[in-house]
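Source file: start.tsv; contents: TSV, C-alpha atoms.
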chain	number	residue	atom	x	y	z
J	17	MET	CA	-26.12	-16.07	-35.02
J	18	ALA	CA	-28.52	-13.16	-34.95
J	19	PHE	CA	-32.29	-13.64	-35.00
J	20	GLN	CA	-34.82	-11.43	-36.79
J	21	PRO	CA	-38.56	-11.78	-36.15
J	22	ILE	CA	-41.12	-12.71	-38.78
J	23	VAL	CA	-44.45	-11.21	-37.76
J	24	ASP	CA	-48.00	-12.24	-38.54
J	25	VAL	CA	-49.41	-8.72	-38.65
J	26	ALA	CA	-53.01	-9.92	-38.91
J	27	ALA	CA	-52.80	-12.08	-35.78
J	28	GLU	CA	-50.40	-9.58	-34.13
J	29	ARG	CA	-47.95	-12.27	-33.06
J	30	ILE	CA	-44.43	-13.48	-33.75
J	31	TRP	CA	-44.69	-16.18	-36.43
J	32	GLY	CA	-41.02	-17.11	-36.36
J	33	TYR	CA	-37.42	-15.97	-36.27
J	34	GLU	CA	-34.86	-16.13	-39.06
J	35	ALA	CA	-31.36	-17.18	-38.02
J	36	LEU	CA	-28.73	-14.97	-39.65
J	37	VAL	CA	-25.03	-15.81	-39.52
J	38	ARG	CA	-22.71	-13.13	-38.16
J	39	SER	CA	-18.95	-12.89	-37.66
J	40	LEU	CA	-17.47	-12.52	-34.19
J	41	ALA	CA	-17.02	-8.82	-34.97
J	42	GLY	CA	-20.66	-8.51	-36.07
J	43	GLU	CA	-20.24	-8.41	-39.86
J	44	GLY	CA	-23.19	-9.70	-41.88
J	45	ALA	CA	-23.79	-12.94	-43.70
J	46	ALA	CA	-22.32	-11.77	-47.02
J	47	PHE	CA	-19.00	-10.98	-45.34
J	48	VAL	CA	-18.94	-14.33	-43.55
J	49	LEU	CA	-19.88	-16.41	-46.58
J	50	ASP	CA	-17.14	-14.74	-48.61
J	51	GLN	CA	-14.62	-16.26	-46.18
J	52	VAL	CA	-15.87	-19.83	-46.71
J	53	GLN	CA	-13.78	-21.73	-49.22
J	54	PRO	CA	-15.51	-24.30	-51.48
J	55	PRO	CA	-14.09	-27.38	-49.68
J	56	HIS	CA	-15.62	-26.13	-46.43
J	57	VAL	CA	-19.11	-25.14	-47.65
J	58	TYR	CA	-20.79	-28.37	-46.53
J	59	GLY	CA	-19.21	-28.30	-43.07
J	60	PHE	CA	-20.04	-24.62	-42.63
J	61	ASP	CA	-23.66	-25.18	-43.68
J	62	GLN	CA	-23.98	-28.02	-41.15
J	63	ALA	CA	-22.36	-26.01	-38.36
J	64	CYS	CA	-24.72	-23.07	-38.94
J	65	ARG	CA	-27.79	-25.30	-38.77
J	66	ILE	CA	-26.68	-26.90	-35.52
J	67	LYS	CA	-25.76	-23.57	-33.91
J	68	ALA	CA	-29.12	-22.06	-34.90
J	69	VAL	CA	-31.05	-24.97	-33.37
J	70	GLU	CA	-28.99	-24.87	-30.16
J	71	LEU	CA	-29.49	-21.13	-29.71
J	72	ALA	CA	-33.19	-21.29	-30.59
J	73	SER	CA	-33.76	-23.97	-27.98
J	74	ALA	CA	-32.22	-21.73	-25.33
J	75	LEU	CA	-33.74	-18.41	-26.46
J	76	PHE	CA	-37.14	-19.08	-28.01
J	77	PRO	CA	-40.36	-19.00	-26.00
J	78	PRO	CA	-41.96	-22.43	-25.48
J	79	ASP	CA	-44.52	-21.79	-28.23
J	80	PRO	CA	-44.80	-24.74	-30.65
J	81	ASP	CA	-46.12	-22.41	-33.36
J	82	VAL	CA	-43.05	-20.14	-33.44
J	83	LYS	CA	-40.77	-21.30	-36.25
J	84	LEU	CA	-37.01	-21.18	-36.66
J	85	SER	CA	-36.06	-20.25	-40.22
J	86	ILE	CA	-32.64	-21.43	-41.38
J	87	ASN	CA	-31.01	-20.45	-44.65
J	88	PHE	CA	-29.27	-23.26	-46.49
J	89	MET	CA	-27.05	-23.53	-49.53
J	90	PRO	CA	-28.56	-26.06	-51.99
J	91	ASN	CA	-25.20	-26.82	-53.55
J	92	ALA	CA	-23.90	-27.85	-50.11
J	93	VAL	CA	-26.54	-30.57	-49.74
J	94	TYR	CA	-25.29	-33.75	-51.37
J	95	GLU	CA	-28.14	-36.01	-50.18
J	96	PRO	CA	-31.09	-34.39	-48.37
J	97	ASN	CA	-31.86	-37.06	-45.78
J	98	ALA	CA	-28.20	-37.64	-44.95
J	99	CYS	CA	-27.50	-33.91	-44.62
J	100	ILE	CA	-30.42	-33.34	-42.25
J	101	ARG	CA	-29.34	-36.00	-39.75
J	102	ALA	CA	-27.01	-33.72	-37.81
J	103	THR	CA	-29.75	-31.09	-37.53
J	104	LEU	CA	-32.28	-33.65	-36.27
J	105	THR	CA	-29.73	-35.03	-33.81
J	106	ALA	CA	-29.07	-31.54	-32.47
J	107	ALA	CA	-32.81	-30.83	-32.19
J	108	LYS	CA	-33.36	-34.04	-30.23
J	109	ARG	CA	-30.38	-33.33	-27.96
J	110	VAL	CA	-31.64	-29.85	-26.98
J	111	GLY	CA	-35.36	-30.68	-27.03
J	112	PHE	CA	-36.32	-28.49	-30.00
J	113	ASP	CA	-39.34	-29.69	-31.99
J	114	PRO	CA	-38.08	-30.26	-35.59
J	115	GLY	CA	-41.60	-29.52	-36.83
J	116	ARG	CA	-40.85	-25.86	-36.03
J	117	LEU	CA	-38.04	-25.70	-38.61
J	118	MET	CA	-38.30	-23.74	-41.85
J	119	PHE	CA	-35.53	-24.03	-44.43
J	120	GLU	CA	-35.16	-21.27	-46.96
J	121	PHE	CA	-32.85	-21.14	-49.94
J	122	THR	CA	-31.76	-17.92	-51.49
J	123	GLU	CA	-31.76	-17.05	-55.15
J	124	ASP	CA	-28.38	-15.38	-54.69
J	125	GLU	CA	-26.86	-18.78	-55.48
J	126	ARG	CA	-27.18	-19.98	-59.08
J	127	MET	CA	-29.07	-23.23	-59.15
J	128	ARG	CA	-26.85	-25.80	-60.87
J	129	ASP	CA	-29.32	-28.66	-60.66
J	130	ILE	CA	-33.05	-27.94	-60.35
J	131	SER	CA	-33.89	-31.64	-60.01
J	132	HIS	CA	-31.54	-31.80	-57.01
J	133	LEU	CA	-33.22	-28.78	-55.43
J	134	ARG	CA	-36.64	-30.33	-56.09
J	135	ALA	CA	-35.47	-33.47	-54.28
J	136	ILE	CA	-34.27	-31.41	-51.31
J	137	ILE	CA	-37.59	-29.59	-50.97
J	138	ALA	CA	-39.58	-32.82	-51.30
J	139	ALA	CA	-37.41	-34.55	-48.68
J	140	TYR	CA	-37.70	-31.63	-46.25
J	141	GLN	CA	-41.46	-31.39	-46.69
J	142	ALA	CA	-41.75	-35.14	-46.11
J	143	GLN	CA	-39.93	-34.60	-42.80
J	144	GLY	CA	-42.57	-32.02	-41.83
J	145	PHE	CA	-40.35	-28.97	-42.33
J	146	THR	CA	-41.60	-25.73	-43.88
J	147	THR	CA	-39.70	-24.67	-47.03
J	148	ALA	CA	-39.26	-21.20	-48.51
J	149	ILE	CA	-37.76	-19.40	-51.48
J	150	ASP	CA	-35.92	-16.30	-50.26
J	151	ASP	CA	-35.50	-13.02	-52.19
J	152	PHE	CA	-38.14	-13.90	-54.77
J	153	GLY	CA	-38.24	-11.39	-57.60
J	154	ALA	CA	-34.53	-10.63	-57.79
J	155	GLY	CA	-31.41	-12.49	-58.81
J	156	TYR	CA	-31.61	-15.99	-60.24
J	157	ALA	CA	-34.95	-17.26	-58.96
J	158	GLY	CA	-38.20	-16.28	-60.57
J	159	LEU	CA	-41.34	-17.55	-62.22
J	160	GLY	CA	-39.44	-20.29	-64.01
J	161	LEU	CA	-38.32	-21.72	-60.68
J	162	LEU	CA	-41.90	-21.91	-59.45
J	163	THR	CA	-42.81	-24.15	-62.38
J	164	GLU	CA	-40.34	-26.67	-60.98
J	165	LEU	CA	-40.73	-26.23	-57.23
J	166	ARG	CA	-43.55	-26.01	-54.72
J	167	PRO	CA	-42.21	-24.34	-51.57
J	168	ASP	CA	-44.54	-23.54	-48.68
J	169	VAL	CA	-43.50	-19.87	-48.38
J	170	LEU	CA	-42.47	-17.25	-50.93
J	171	LYS	CA	-40.36	-14.42	-49.48
J	172	ILE	CA	-40.79	-11.36	-51.69
J	173	ASP	CA	-37.50	-9.56	-52.21
J	174	MET	CA	-36.98	-6.29	-50.38
J	175	LYS	CA	-36.25	-4.48	-53.64
J	176	LEU	CA	-39.93	-4.89	-54.51
J	177	VAL	CA	-41.02	-3.81	-51.02
J	178	ARG	CA	-38.91	-0.72	-50.45
J	179	GLY	CA	-40.89	2.36	-51.46
J	180	ILE	CA	-43.86	0.28	-52.62
J	181	ASP	CA	-46.20	2.94	-51.28
J	182	ARG	CA	-44.78	5.35	-53.89
J	183	SER	CA	-44.54	2.94	-56.81
J	184	PRO	CA	-47.64	1.76	-58.70
J	185	ALA	CA	-45.35	-0.56	-60.70
J	186	LYS	CA	-44.12	-2.34	-57.59
J	187	GLN	CA	-47.67	-2.58	-56.29
J	188	ALA	CA	-48.78	-4.21	-59.54
J	189	ILE	CA	-45.91	-6.71	-59.48
J	190	VAL	CA	-46.44	-7.66	-55.84
J	191	ARG	CA	-50.20	-7.94	-56.39
J	192	SER	CA	-49.49	-10.39	-59.21
J	193	ILE	CA	-47.11	-12.40	-57.01
J	194	VAL	CA	-49.74	-12.59	-54.26
J	195	GLY	CA	-52.33	-13.84	-56.74
J	196	LEU	CA	-49.93	-16.41	-58.16
J	197	ALA	CA	-49.00	-17.60	-54.67
J	198	ALA	CA	-52.67	-18.03	-53.79
J	199	GLU	CA	-53.30	-20.16	-56.88
J	200	LEU	CA	-50.29	-22.34	-56.04
J	201	CYS	CA	-51.22	-22.57	-52.32
J	202	ILE	CA	-48.00	-20.82	-51.30
J	203	ILE	CA	-47.86	-18.30	-48.44
J	204	PRO	CA	-46.38	-14.90	-49.43
J	205	LEU	CA	-44.04	-13.13	-47.00
J	206	ALA	CA	-42.82	-9.56	-47.50
J	207	GLU	CA	-39.29	-8.83	-46.32
J	208	GLY	CA	-37.40	-5.58	-45.92
J	209	ILE	CA	-40.28	-3.48	-44.58
J	210	GLU	CA	-38.91	-0.27	-43.10
J	211	THR	CA	-41.80	2.21	-42.97
J	212	ALA	CA	-45.40	2.26	-41.79
J	213	GLU	CA	-46.45	3.34	-45.28
J	214	GLU	CA	-44.83	0.27	-46.85
J	215	LEU	CA	-46.50	-1.97	-44.27
J	216	ALA	CA	-49.91	-0.43	-44.96
J	217	VAL	CA	-49.64	-1.17	-48.69
J	218	ILE	CA	-48.33	-4.69	-48.05
J	219	ARG	CA	-51.30	-5.41	-45.79
J	220	ALA	CA	-53.72	-3.93	-48.32
J	221	LEU	CA	-52.29	-6.31	-50.93
J	222	GLY	CA	-53.23	-9.24	-48.71
J	223	ILE	CA	-49.86	-10.17	-47.21
J	224	THR	CA	-49.91	-10.94	-43.49
J	225	LEU	CA	-46.43	-12.41	-42.90
J	226	CYS	CA	-43.92	-9.56	-42.72
J	227	GLN	CA	-40.27	-9.01	-41.86
J	228	GLY	CA	-38.09	-5.91	-41.73
J	229	TYR	CA	-36.51	-3.26	-39.53
J	230	LEU	CA	-39.91	-1.65	-38.86
J	231	LEU	CA	-41.01	-4.84	-37.13
J	232	GLY	CA	-37.71	-5.88	-35.57
J	233	ARG	CA	-33.99	-5.78	-36.32
J	234	PRO	CA	-31.71	-8.81	-36.07
J	235	LYS	CA	-30.30	-9.14	-32.56
J	236	LEU	CA	-27.38	-11.15	-31.22
J	237	ALA	CA	-27.64	-13.40	-28.13
J	238	PHE	CA	-30.74	-11.92	-26.60
J	239	ALA	CA	-33.64	-13.27	-24.59
J	240	ILE	CA	-36.64	-13.50	-26.90
J	241	ALA	CA	-39.86	-12.58	-25.10

Could I get this file's structure written as structure tokens?
Amino acid sequence: MAFQPIVDVAAERIWGYEALVRSLAGEGAAFVLDQVQPPHVYGFDQACRIKAVELASALFPPDPDVKLSINFMPNAVYEPNACIRATLTAAKRVGFDPGRLMFEFTEDERMRDISHLRAIIAAYQAQGFTTAIDDFGAGYAGLGLLTELRPDVLKIDMKLVRGIDRSPAKQAIVRSIVGLAAELCIIPLAEGIETAEELAVIRALGITLCQGYLLGRPKLAFAIA
């Protein structure tokens, strides 16, 4: 696993870290996931969750407000409460507060059953976890998905963030997303920020949770201070 910080730029503090799977040679998540065959998706998803919790317990500062964000594959979750047991067991074993967990699902995976995904989010929120839609604004997820789901966090896709300081169109779209998120009581998070100019526009649009290389790159096995 690598960990990338999520920063609250208004409070000037680390809000959380996203766990990102890596191969032993350092290849990214897309490369690793391509190697996982369908019969092994559930086991791989479970193993990633447990490894992320174990590493976070060892590496994270003892701040109860710093979250661990874990990506999950909705189609690998057959029954939400049953699938979370191993994660909760691991958290108890290593002394990691499960209330610090955020689970995010990506729109890179086509949603086969929205009612199933709604049940997952409801079950996770009932457990006290934070939930998030990743890569909002690209791929399969979009406004239609928000009519069915009520996640806690909306991660705005990097394609809408990159070069936003030079694109009135992107600014208009992100401004609309921020307004929509406010009406639905969802926290917007901008990902993929690489320049100070992009960050300035994002902040001006009212987004305080930010992620990207400008604020911190993913790092393997490091002491988080």

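A cut-off of 7 Å from the point (-39.9, -28.6, -55.7), with all atoms listed in the file, picks out the residues Leu133, Arg134, Ala135, Ile137, Ala138, Glu164, Leu165, Arg166 and Pro167 of chain J.
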
With all atoms listed in the file as the atoms that count, which of J:Leu205, J:Leu196, J:Ala26, J:Leu221 lies nearest to Ala148 (chain J)?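 With all atoms listed in the file as the atom set, the closest residue is J:Leu205.
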
What separates CA of Leu170 (chain J) and CA of Gly208 (chain J) is a distance of 13.7 Å

Two-atom distance - CA of Ile22 (chain J), CA of Pro96 (chain J) (Å): 25.7 Å

May I ask which of the residues J:Thr105, J:Ser85, J:Gln187, J:Thr211 is the closest one to Gln20 (chain J), counting all atoms listed in the file? J:Ser85
